file input32.txt (compact mmCIF, C-alpha atoms and all ligand atoms)
# COMPACT_ATOMS: atom_id res chain seq x y z
CA MET A 100 115.36 66.09 41.18
CA LYS A 101 118.52 67.59 42.65
CA ASN A 102 121.89 66.49 41.32
CA GLN A 103 123.65 64.35 43.88
CA VAL A 104 127.14 65.46 42.85
CA VAL A 105 127.90 69.05 41.89
CA LEU A 106 131.18 70.77 41.05
CA GLY A 107 131.51 73.45 43.74
CA ILE A 108 133.77 76.41 42.97
CA ASP A 109 134.84 79.17 45.35
CA ILE A 110 136.03 82.28 43.54
CA GLY A 111 138.31 84.26 45.84
CA GLY A 112 140.67 87.21 45.66
CA SER A 113 143.81 85.07 45.58
CA GLY A 114 142.66 81.60 44.51
CA ILE A 115 139.83 79.89 42.66
CA LYS A 116 139.18 76.48 44.19
CA GLY A 117 136.92 73.66 43.13
CA ALA A 118 135.97 70.08 43.98
CA PRO A 119 133.16 67.67 43.13
CA VAL A 120 130.86 67.65 46.16
CA ASP A 121 128.37 65.02 47.24
CA ILE A 122 125.61 67.40 48.30
CA SER A 123 123.93 64.87 50.55
CA THR A 124 127.03 64.53 52.77
CA GLY A 125 129.11 67.62 51.94
CA GLU A 126 132.09 65.39 51.13
CA PHE A 127 134.57 65.98 48.34
CA LEU A 128 134.64 63.12 45.82
CA ALA A 129 138.07 64.14 44.49
CA GLU A 130 140.92 66.23 45.82
CA ARG A 131 140.19 69.94 45.51
CA HIS A 132 142.02 71.84 42.79
CA ARG A 133 143.20 75.44 43.14
CA ILE A 134 144.18 77.90 40.43
CA GLU A 135 145.61 81.35 41.18
CA THR A 136 143.12 84.15 40.59
CA PRO A 137 144.26 85.87 37.38
CA ILE A 138 145.43 89.48 37.55
CA PRO A 139 143.50 91.47 36.44
CA ALA A 140 140.53 89.31 37.45
CA THR A 141 138.37 90.34 34.52
CA PRO A 142 135.18 88.45 33.58
CA GLU A 143 136.91 86.74 30.63
CA ALA A 144 139.98 85.76 32.67
CA ILE A 145 137.90 84.26 35.51
CA ALA A 146 135.59 82.51 33.04
CA GLN A 147 138.65 80.78 31.55
CA VAL A 148 139.64 79.52 35.02
CA ILE A 149 136.12 78.12 35.57
CA LYS A 150 136.48 76.32 32.24
CA GLN A 151 139.93 74.98 33.26
CA LEU A 152 138.51 73.66 36.55
CA ALA A 153 135.63 71.93 34.73
CA GLU A 154 138.17 70.38 32.35
CA HIS A 155 140.43 69.33 35.22
CA PHE A 156 137.59 67.21 36.64
CA ASN A 157 136.28 66.17 33.17
CA TRP A 158 133.04 67.69 34.38
CA THR A 159 129.74 67.26 32.52
CA GLY A 160 127.27 67.94 35.35
CA SER A 161 126.11 71.10 37.12
CA ILE A 162 128.44 73.71 38.59
CA GLY A 163 127.81 75.97 41.59
CA CYS A 164 130.02 79.05 42.06
CA GLY A 165 130.47 81.28 45.09
CA PHE A 166 131.38 84.79 43.93
CA PRO A 167 132.80 87.64 46.08
CA ALA A 168 130.12 90.23 45.28
CA VAL A 169 126.38 90.85 45.37
CA VAL A 170 124.84 88.42 42.86
CA GLN A 171 121.14 88.42 42.05
CA ASN A 172 119.82 85.90 39.53
CA GLY A 173 123.36 85.54 38.17
CA LEU A 174 123.90 89.27 37.72
CA VAL A 175 126.88 90.86 39.52
CA TYR A 176 126.04 94.18 41.20
CA THR A 177 129.18 95.16 43.12
CA ALA A 178 132.96 94.90 42.80
CA SER A 179 134.76 95.72 46.06
CA ASN A 180 137.65 93.29 45.72
CA ILE A 181 137.27 92.24 42.09
CA ASP A 182 137.79 93.98 38.77
CA ALA A 183 135.27 96.81 38.20
CA ALA A 184 134.51 95.31 34.78
CA TRP A 185 132.33 92.75 36.62
CA ILE A 186 129.58 95.23 37.45
CA ASN A 187 126.41 94.39 35.48
CA ILE A 188 127.90 91.21 34.03
CA ASN A 189 125.71 88.13 34.14
CA ALA A 190 128.21 85.66 35.64
CA LYS A 191 125.76 82.78 35.36
CA LYS A 192 125.33 83.30 31.62
CA LEU A 193 129.05 83.91 31.04
CA PHE A 194 130.21 80.77 32.93
CA SER A 195 127.45 78.65 31.32
CA LYS A 196 128.58 79.83 27.90
CA VAL A 197 132.30 79.07 28.35
CA THR A 198 131.75 75.68 30.00
CA GLY A 199 128.65 74.61 28.04
CA LEU A 200 127.26 73.42 31.41
CA LYS A 201 124.53 74.51 33.81
CA VAL A 202 126.03 77.02 36.24
CA THR A 203 124.56 78.67 39.35
CA VAL A 204 126.29 81.68 40.92
CA ILE A 205 125.70 83.06 44.42
CA ASN A 206 127.51 85.36 46.85
CA ASP A 207 130.53 83.61 48.42
CA ALA A 208 129.58 84.28 52.06
CA ASP A 209 126.03 83.08 51.40
CA ALA A 210 127.57 79.90 49.97
CA ALA A 211 129.77 79.40 53.05
CA GLY A 212 126.70 79.97 55.20
CA LEU A 213 124.64 77.34 53.38
CA ALA A 214 127.41 74.78 54.01
CA GLU A 215 127.84 75.64 57.69
CA MET A 216 124.08 75.53 58.30
CA LYS A 217 123.72 72.14 56.64
CA PHE A 218 126.91 70.32 57.66
CA GLY A 219 128.86 72.54 60.04
CA ALA A 220 128.67 74.78 63.08
CA GLY A 221 125.09 75.95 62.41
CA LYS A 222 123.66 72.48 61.92
CA LYS A 223 121.62 72.50 65.12
CA ASN A 224 120.71 76.16 65.26
CA LYS A 225 117.16 77.22 64.39
CA ASP A 226 117.25 80.85 65.35
CA PHE A 227 119.37 83.75 64.11
CA VAL A 228 122.82 82.76 62.86
CA LEU A 229 125.28 85.29 61.48
CA ILE A 230 128.13 83.93 59.38
CA ILE A 231 131.08 86.27 58.84
CA THR A 232 133.79 85.28 56.34
CA VAL A 233 137.12 86.99 56.87
CA GLY A 234 139.58 86.96 54.00
CA THR A 235 140.44 89.51 51.32
CA GLY A 236 137.14 91.19 52.22
CA ILE A 237 134.52 90.62 54.91
CA GLY A 238 131.41 88.78 53.78
CA THR A 239 128.24 88.02 55.73
CA ALA A 240 125.30 85.64 55.58
CA ILE A 241 122.23 85.81 57.80
CA PHE A 242 120.00 82.83 58.56
CA THR A 243 116.79 83.03 60.53
CA ARG A 244 114.97 79.76 61.20
CA ARG A 245 117.52 78.20 58.83
CA LYS A 246 116.44 80.42 55.94
CA LEU A 247 119.02 82.58 54.17
CA LEU A 248 118.51 86.31 53.70
CA PRO A 249 120.68 86.63 50.56
CA ASN A 250 123.27 89.28 49.72
CA THR A 251 123.71 90.98 53.08
CA GLU A 252 126.82 93.18 52.86
CA LEU A 253 127.69 93.81 56.50
CA GLY A 254 131.39 93.87 55.72
CA HIS A 255 130.67 97.34 54.41
CA ILE A 256 129.20 98.96 57.52
CA GLN A 257 131.23 102.09 58.25
CA LEU A 258 134.09 101.95 60.73
CA HIS A 259 136.48 104.92 61.09
CA GLY A 260 134.93 106.51 58.00
CA ASP A 261 135.45 103.58 55.62
CA SER A 262 134.16 100.11 54.85
CA ALA A 263 134.77 97.91 57.90
CA GLU A 264 136.52 95.33 55.72
CA ARG A 265 139.32 97.77 54.97
CA TYR A 266 140.03 97.96 58.69
CA ALA A 267 139.32 94.47 59.99
CA SER A 268 139.70 91.91 57.17
CA ASP A 269 142.55 89.41 56.98
CA ALA A 270 143.93 91.43 54.07
CA ALA A 271 144.01 94.52 56.37
CA ARG A 272 145.86 92.46 59.01
CA LYS A 273 148.50 91.47 56.47
CA LYS A 274 148.72 94.89 54.80
CA ASP A 275 149.14 96.74 58.10
CA GLU A 276 151.43 93.99 59.45
CA LEU A 277 149.31 93.62 62.59
CA GLU A 278 150.06 91.24 65.45
CA TRP A 279 147.09 88.98 66.23
CA GLU A 280 146.27 91.06 69.34
CA SER A 281 146.02 94.26 67.31
CA TRP A 282 143.96 92.66 64.58
CA ALA A 283 141.63 91.12 67.20
CA GLY A 284 141.23 94.59 68.74
CA ARG A 285 140.03 95.88 65.37
CA PHE A 286 137.79 92.89 64.80
CA ASN A 287 136.26 93.34 68.27
CA GLU A 288 135.36 96.90 67.28
CA TYR A 289 133.70 95.51 64.16
CA LEU A 290 131.79 92.90 66.16
CA ALA A 291 130.66 95.53 68.65
CA ALA A 292 129.36 97.72 65.79
CA LEU A 293 127.41 94.75 64.39
CA GLU A 294 126.05 93.88 67.81
CA LYS A 295 124.57 97.36 68.13
CA LEU A 296 122.45 96.55 65.08
CA PHE A 297 121.79 92.82 65.37
CA TYR A 298 121.14 90.27 68.08
CA PRO A 299 122.21 86.92 66.64
CA ASP A 300 122.17 83.73 68.70
CA LEU A 301 125.40 82.48 67.16
CA ILE A 302 128.24 83.94 65.10
CA ILE A 303 130.22 81.60 62.84
CA LEU A 304 133.55 82.88 61.53
CA GLY A 305 134.58 81.51 58.14
CA GLY A 306 136.95 82.37 55.32
CA GLY A 307 140.71 81.91 55.15
CA LEU A 308 141.10 82.90 58.79
CA SER A 309 138.98 80.04 60.10
CA LYS A 310 141.88 77.63 59.47
CA LYS A 311 143.83 79.03 62.44
CA PRO A 312 141.40 79.72 65.32
CA GLU A 313 144.16 79.12 67.91
CA LYS A 314 145.75 82.41 66.83
CA PHE A 315 142.80 84.68 67.57
CA LEU A 316 139.56 83.08 68.79
CA HIS A 317 140.46 83.53 72.49
CA LEU A 318 141.09 87.25 71.83
CA LEU A 319 137.58 87.95 70.55
CA THR A 320 135.04 89.34 73.00
CA PRO A 321 131.59 89.57 71.42
CA ARG A 322 128.42 89.33 73.52
CA THR A 323 127.21 86.56 71.17
CA PRO A 324 128.64 83.01 71.28
CA ILE A 325 131.24 82.77 68.52
CA VAL A 326 132.80 79.71 66.82
CA THR A 327 134.85 79.09 63.70
CA ALA A 328 133.44 77.36 60.62
CA ARG A 329 133.57 73.59 61.03
CA LEU A 330 134.22 73.11 57.32
CA GLN A 331 136.87 75.83 57.56
CA ASN A 332 137.78 77.27 54.19
CA ASN A 333 136.05 74.44 52.31
CA ALA A 334 132.64 75.82 53.31
CA GLY A 335 132.73 78.07 50.22
CA ILE A 336 133.11 75.12 47.84
CA VAL A 337 130.53 72.92 49.58
CA GLY A 338 128.00 75.76 49.83
CA ALA A 339 128.46 76.75 46.19
CA ALA A 340 127.53 73.16 45.29
CA LEU A 341 124.50 73.30 47.61
CA ALA A 342 123.25 76.42 45.82
CA VAL A 343 122.52 74.44 42.66
CA LYS A 344 118.80 73.78 42.39
C1 LIG B 1 131.95 91.80 49.08
C2 LIG B 1 131.00 90.68 49.49
C3 LIG B 1 131.78 89.41 49.70
C4 LIG B 1 132.93 89.64 50.66
C5 LIG B 1 133.79 88.39 50.86
C6 LIG B 1 133.05 91.92 50.10
O1 LIG B 1 133.94 92.92 49.71
O2 LIG B 1 131.27 93.03 48.99
O3 LIG B 1 130.00 90.51 48.51
O4 LIG B 1 130.93 88.41 50.19
O5 LIG B 1 133.76 90.69 50.22
O6 LIG B 1 134.38 87.97 49.69
call {"tool": "encode", "arguments": {"input": "input32.txt", "output": "structure tokens"}}
result
Amino acid sequence: MKNQVVLGIDIGGSGIKGAPVDISTGEFLAERHRIETPIPATPEAIAQVIKQLAEHFNWTGSIGCGFPAVVQNGLVYTASNIDAAWININAKKLFSKVTGLKVTVINDADAAGLAEMKFGAGKKNKDFVLIITVGTGIGTAIFTRRKLLPNTELGHIQLHGDSAERYASDAARKKDELEWESWAGRFNEYLAALEKLFYPDLIILGGGLSKKPEKFLHLLTPRTPIVTARLQNNAGIVGAALAVK
């Protein structure tokens, strides 16, 4: 039987956030706790933060983690915005070892997608939903007939000769000190490139940016209907909890 309450943890480029989640409602059962992502964000350093979060909540149950890379069966394959030492590390085994608890690890955008499909903006959609998380990087999750196609990496399609996330992420907006209009212009280019390849029925924008839709949503011009994540930035925590089987 599934655990009813799971500690969901969202591992991000600037913060690692966790909360106990009731997976039947998506609600937090305690206030979420955030710890700065250590620099450098090595496997050992992040594992210690996971342990600290478990201790903070006196946790003895299962843990679900959303991780900002390709993760297959717990094994990390890529490291675009994390320390290169992560490649080929089994995050599931490492986090289970340091916490002594059962840990599941999935891609962070896939986690956000699971939460939005179950409790948020994708709740009623049966067809093709594309979730795009915009933060330090750009992450994607694809659902067809409510089923996840795991580990899609559409933040890395090429735009102007580089990964699209370097041009259109929230980190790129901050780094290049872009006004919202200029950033939206870049993001529209990204959306247009995606829409040459895919025909989703709905696009859900998540990640750090989804907290302030009033700044940019009206500036975006995709062909596809577009909304921001209903669970906003908490989708990553809720979805990480949902990933626990
Ligand atoms: C990574 C993805 C991740 C996304 C958002 C990208 O750089 O390649 O795996 O989902 O950032 O964190």
call {"tool": "residues_near_ligand", "arguments": {"input": "input32.txt", "ligand": "ligand LIG 1 (chain B)", "cutoff": "6 Å", "atoms": "only C-alpha atoms and all ligand atoms", "output": "PyMOL selection string"}}
result
chain A and resi 167-169+179-180+206-208+236-238+252
call {"tool": "residues_around", "arguments": {"input": "input32.txt", "residues": "Lys314 of chain A", "least_positions_apart": "4", "cutoff": "10 Å", "atoms": "all atoms listed in the file", "output": "PDB file with C-alpha atoms, in the frame of the given file"}}
result
ATOM      1  CA  GLU A 278     150.060  91.240  65.450  1.00  0.00           C
ATOM      2  CA  TRP A 279     147.090  88.980  66.230  1.00  0.00           C
ATOM      3  CA  GLU A 280     146.270  91.060  69.340  1.00  0.00           C
ATOM      4  CA  ALA A 283     141.630  91.120  67.200  1.00  0.00           C
ATOM      5  CA  LEU A 308     141.100  82.900  58.790  1.00  0.00           C
ATOM      6  CA  SER A 309     138.980  80.040  60.100  1.00  0.00           C
ATOM      7  CA  LYS A 310     141.880  77.630  59.470  1.00  0.00           C
ATOM      8  CA  LEU A 318     141.090  87.250  71.830  1.00  0.00           C
TER       9      LEU A 318
END
call {"tool": "residues_around", "arguments": {"input": "input32.txt", "residues": "Tyr298 of chain A", "least_positions_apart": "5", "cutoff": "9 Å", "atoms": "only C-alpha atoms", "output": "list of chain:residue names"}}
result
A:Phe227, A:Leu293, A:Thr323
call {"tool": "closest_residue", "arguments": {"input": "input32.txt", "among": "A:Gln151, A:Thr232, A:Thr136, A:Thr124", "to": "Ile110 of chain A", "atoms": "all atoms listed in the file"}}
result
A:Thr136
call {"tool": "closest_residue", "arguments": {"input": "input32.txt", "among": "A:Gly254, A:Gly221, A:Pro139, A:Gly107", "to": "Cys164 of chain A", "atoms": "only C-alpha atoms"}}
result
A:Gly107
call {"tool": "residues_around", "arguments": {"input": "input32.txt", "residues": "Glu264 of chain A", "least_positions_apart": "6", "cutoff": "10 Å", "atoms": "all atoms listed in the file", "output": "list in words"}}
result
Ser179, Val233, Gly234, Thr235, Gly236, Ile237, Gly238, Leu253, Gly254, His255, Ile256, Gln257, Leu258, Ala270, Ala271, Phe286 and Tyr289 of chain A
call {"tool": "write_last_selection", "arguments": {"input": "input32.txt", "atoms": "C-alpha atoms", "output": "PDB file, in the coordinates of the input"}}
result
ATOM      1  CA  SER A 179     134.760  95.720  46.060  1.00  0.00           C
ATOM      2  CA  VAL A 233     137.120  86.990  56.870  1.00  0.00           C
ATOM      3  CA  GLY A 234     139.580  86.960  54.000  1.00  0.00           C
ATOM      4  CA  THR A 235     140.440  89.510  51.320  1.00  0.00           C
ATOM      5  CA  GLY A 236     137.140  91.190  52.220  1.00  0.00           C
ATOM      6  CA  ILE A 237     134.520  90.620  54.910  1.00  0.00           C
ATOM      7  CA  GLY A 238     131.410  88.780  53.780  1.00  0.00           C
ATOM      8  CA  LEU A 253     127.690  93.810  56.500  1.00  0.00           C
ATOM      9  CA  GLY A 254     131.390  93.870  55.720  1.00  0.00           C
ATOM     10  CA  HIS A 255     130.670  97.340  54.410  1.00  0.00           C
ATOM     11  CA  ILE A 256     129.200  98.960  57.520  1.00  0.00           C
ATOM     12  CA  GLN A 257     131.230 102.090  58.250  1.00  0.00           C
ATOM     13  CA  LEU A 258     134.090 101.950  60.730  1.00  0.00           C
ATOM     14  CA  ALA A 270     143.930  91.430  54.070  1.00  0.00           C
ATOM     15  CA  ALA A 271     144.010  94.520  56.370  1.00  0.00           C
ATOM     16  CA  PHE A 286     137.790  92.890  64.800  1.00  0.00           C
ATOM     17  CA  TYR A 289     133.700  95.510  64.160  1.00  0.00           C
TER      18      TYR A 289
END
call {"tool": "closest_residue", "arguments": {"input": "input32.txt", "among": "A:Pro119, A:Gly125, A:Gly165, A:Pro324", "to": "Ala342 of chain A", "atoms": "all atoms listed in the file"}}
result
A:Gly165
call {"tool": "closest_residue", "arguments": {"input": "input32.txt", "among": "A:Phe156, A:Leu200, A:Lys116, A:Ala140", "to": "Ala184 of chain A", "atoms": "all atoms listed in the file"}}
result
A:Ala140
call {"tool": "atom_distance", "arguments": {"input": "input32.txt", "atom1": "atom CA of Gln147 of chain A", "atom2": "atom CA of Gly199 of chain A"}}
result
12.3 Å
call {"tool": "closest_residue", "arguments": {"input": "input32.txt", "among": "A:Ala178, A:Met216, A:Leu106, A:Ala118", "to": "Thr159 of chain A", "atoms": "all atoms listed in the file"}}
result
A:Leu106
call {"tool": "atom_distance", "arguments": {"input": "input32.txt", "atom1": "atom CA of His155 of chain A", "atom2": "atom CA of Gly338 of chain A"}}
result
20.2 Å
call {"tool": "atom_distance", "arguments": {"input": "input32.txt", "atom1": "atom CA of Ala292 of chain A", "atom2": "atom CA of Phe218 of chain A"}}
result
28.7 Å
call {"tool": "closest_residue", "arguments": {"input": "input32.txt", "among": "A:Ser281, A:Thr203, A:Asn187, A:Thr243", "to": "Asp300 of chain A", "atoms": "all atoms listed in the file"}}
result
A:Thr243
call {"tool": "decode", "arguments": {"input": "input32.txt", "residues": "segment 249-260 of chain A", "atoms": "all heavy atoms", "output": "PDB file, in the first residue's frame"}}
result
ATOM      1  N   PRO A 249       9.069   9.947 -18.977  1.00  0.00           N
ATOM      2  CA  PRO A 249      10.078  10.511 -18.057  1.00  0.00           C
ATOM      3  C   PRO A 249      11.345  11.040 -18.741  1.00  0.00           C
ATOM      4  O   PRO A 249      11.699  10.597 -19.840  1.00  0.00           O
ATOM      5  CB  PRO A 249      10.447   9.313 -17.160  1.00  0.00           C
ATOM      6  CG  PRO A 249       9.738   8.132 -17.669  1.00  0.00           C
ATOM      7  CD  PRO A 249       8.950   8.490 -18.884  1.00  0.00           C
ATOM      8  N   ASN A 250      11.983  11.978 -18.068  1.00  0.00           N
ATOM      9  CA  ASN A 250      13.311  12.474 -18.453  1.00  0.00           C
ATOM     10  C   ASN A 250      13.382  13.143 -19.821  1.00  0.00           C
ATOM     11  O   ASN A 250      14.393  13.020 -20.515  1.00  0.00           O
ATOM     12  CB  ASN A 250      14.334  11.335 -18.385  1.00  0.00           C
ATOM     13  CG  ASN A 250      14.682  10.985 -16.951  1.00  0.00           C
ATOM     14  OD1 ASN A 250      14.998  11.866 -16.153  1.00  0.00           O
ATOM     15  ND2 ASN A 250      14.621   9.715 -16.609  1.00  0.00           N
ATOM     16  N   THR A 251      12.326  13.854 -20.225  1.00  0.00           N
ATOM     17  CA  THR A 251      12.488  14.647 -21.450  1.00  0.00           C
ATOM     18  C   THR A 251      13.341  15.865 -21.085  1.00  0.00           C
ATOM     19  O   THR A 251      13.221  16.410 -19.989  1.00  0.00           O
ATOM     20  CB  THR A 251      11.127  15.110 -22.028  1.00  0.00           C
ATOM     21  OG1 THR A 251      10.416  15.824 -21.023  1.00  0.00           O
ATOM     22  CG2 THR A 251      10.318  13.926 -22.500  1.00  0.00           C
ATOM     23  N   GLU A 252      14.206  16.272 -21.983  1.00  0.00           N
ATOM     24  CA  GLU A 252      15.179  17.346 -21.691  1.00  0.00           C
ATOM     25  C   GLU A 252      15.040  18.453 -22.727  1.00  0.00           C
ATOM     26  O   GLU A 252      16.021  18.846 -23.375  1.00  0.00           O
ATOM     27  CB  GLU A 252      16.597  16.750 -21.706  1.00  0.00           C
ATOM     28  CG  GLU A 252      16.908  15.899 -20.481  1.00  0.00           C
ATOM     29  CD  GLU A 252      17.152  16.761 -19.236  1.00  0.00           C
ATOM     30  OE1 GLU A 252      17.768  17.824 -19.337  1.00  0.00           O
ATOM     31  OE2 GLU A 252      16.696  16.356 -18.146  1.00  0.00           O
ATOM     32  N   LEU A 253      13.811  18.978 -22.859  1.00  0.00           N
ATOM     33  CA  LEU A 253      13.579  19.965 -23.922  1.00  0.00           C
ATOM     34  C   LEU A 253      14.100  21.355 -23.578  1.00  0.00           C
ATOM     35  O   LEU A 253      14.028  22.261 -24.397  1.00  0.00           O
ATOM     36  CB  LEU A 253      12.089  20.013 -24.285  1.00  0.00           C
ATOM     37  CG  LEU A 253      11.482  18.662 -24.693  1.00  0.00           C
ATOM     38  CD1 LEU A 253      10.015  18.821 -25.029  1.00  0.00           C
ATOM     39  CD2 LEU A 253      12.228  18.076 -25.873  1.00  0.00           C
ATOM     40  N   GLY A 254      14.645  21.503 -22.391  1.00  0.00           N
ATOM     41  CA  GLY A 254      15.321  22.764 -22.065  1.00  0.00           C
ATOM     42  C   GLY A 254      16.654  22.849 -22.798  1.00  0.00           C
ATOM     43  O   GLY A 254      17.299  23.905 -22.838  1.00  0.00           O
ATOM     44  N   HIS A 255      17.041  21.723 -23.392  1.00  0.00           N
ATOM     45  CA  HIS A 255      18.347  21.688 -24.059  1.00  0.00           C
ATOM     46  C   HIS A 255      18.244  21.664 -25.580  1.00  0.00           C
ATOM     47  O   HIS A 255      19.239  21.391 -26.250  1.00  0.00           O
ATOM     48  CB  HIS A 255      19.152  20.485 -23.567  1.00  0.00           C
ATOM     49  CG  HIS A 255      19.503  20.591 -22.114  1.00  0.00           C
ATOM     50  ND1 HIS A 255      20.439  21.484 -21.639  1.00  0.00           N
ATOM     51  CD2 HIS A 255      19.008  19.969 -21.034  1.00  0.00           C
ATOM     52  CE1 HIS A 255      20.508  21.372 -20.319  1.00  0.00           C
ATOM     53  NE2 HIS A 255      19.644  20.473 -19.924  1.00  0.00           N
ATOM     54  N   ILE A 256      17.046  21.930 -26.135  1.00  0.00           N
ATOM     55  CA  ILE A 256      17.011  22.080 -27.597  1.00  0.00           C
ATOM     56  C   ILE A 256      17.885  23.300 -27.933  1.00  0.00           C
ATOM     57  O   ILE A 256      18.050  24.196 -27.107  1.00  0.00           O
ATOM     58  CB  ILE A 256      15.576  22.224 -28.176  1.00  0.00           C
ATOM     59  CG1 ILE A 256      14.896  23.490 -27.664  1.00  0.00           C
ATOM     60  CG2 ILE A 256      14.730  20.992 -27.907  1.00  0.00           C
ATOM     61  CD1 ILE A 256      13.659  23.855 -28.467  1.00  0.00           C
ATOM     62  N   GLN A 257      18.443  23.317 -29.136  1.00  0.00           N
ATOM     63  CA  GLN A 257      19.393  24.375 -29.470  1.00  0.00           C
ATOM     64  C   GLN A 257      18.687  25.665 -29.899  1.00  0.00           C
ATOM     65  O   GLN A 257      17.763  25.646 -30.710  1.00  0.00           O
ATOM     66  CB  GLN A 257      20.303  23.895 -30.604  1.00  0.00           C
ATOM     67  CG  GLN A 257      21.197  22.730 -30.189  1.00  0.00           C
ATOM     68  CD  GLN A 257      22.323  23.187 -29.258  1.00  0.00           C
ATOM     69  OE1 GLN A 257      23.191  23.951 -29.660  1.00  0.00           O
ATOM     70  NE2 GLN A 257      22.294  22.716 -28.015  1.00  0.00           N
ATOM     71  N   LEU A 258      19.133  26.757 -29.314  1.00  0.00           N
ATOM     72  CA  LEU A 258      18.646  28.092 -29.707  1.00  0.00           C
ATOM     73  C   LEU A 258      19.875  28.990 -29.789  1.00  0.00           C
ATOM     74  O   LEU A 258      20.636  29.050 -28.812  1.00  0.00           O
ATOM     75  CB  LEU A 258      17.722  28.665 -28.639  1.00  0.00           C
ATOM     76  CG  LEU A 258      16.214  28.708 -28.833  1.00  0.00           C
ATOM     77  CD1 LEU A 258      15.581  29.581 -27.766  1.00  0.00           C
ATOM     78  CD2 LEU A 258      15.786  29.170 -30.211  1.00  0.00           C
ATOM     79  N   HIS A 259      20.083  29.640 -30.918  1.00  0.00           N
ATOM     80  CA  HIS A 259      21.263  30.500 -31.109  1.00  0.00           C
ATOM     81  C   HIS A 259      22.548  29.748 -30.758  1.00  0.00           C
ATOM     82  O   HIS A 259      23.424  30.275 -30.074  1.00  0.00           O
ATOM     83  CB  HIS A 259      21.144  31.782 -30.274  1.00  0.00           C
ATOM     84  CG  HIS A 259      19.901  32.554 -30.610  1.00  0.00           C
ATOM     85  ND1 HIS A 259      19.749  33.235 -31.798  1.00  0.00           N
ATOM     86  CD2 HIS A 259      18.747  32.723 -29.929  1.00  0.00           C
ATOM     87  CE1 HIS A 259      18.556  33.796 -31.831  1.00  0.00           C
ATOM     88  NE2 HIS A 259      17.928  33.496 -30.707  1.00  0.00           N
ATOM     89  N   GLY A 260      22.599  28.479 -31.166  1.00  0.00           N
ATOM     90  CA  GLY A 260      23.838  27.708 -31.044  1.00  0.00           C
ATOM     91  C   GLY A 260      24.163  27.222 -29.644  1.00  0.00           C
ATOM     92  O   GLY A 260      25.290  26.802 -29.385  1.00  0.00           O
TER      93      GLY A 260
END
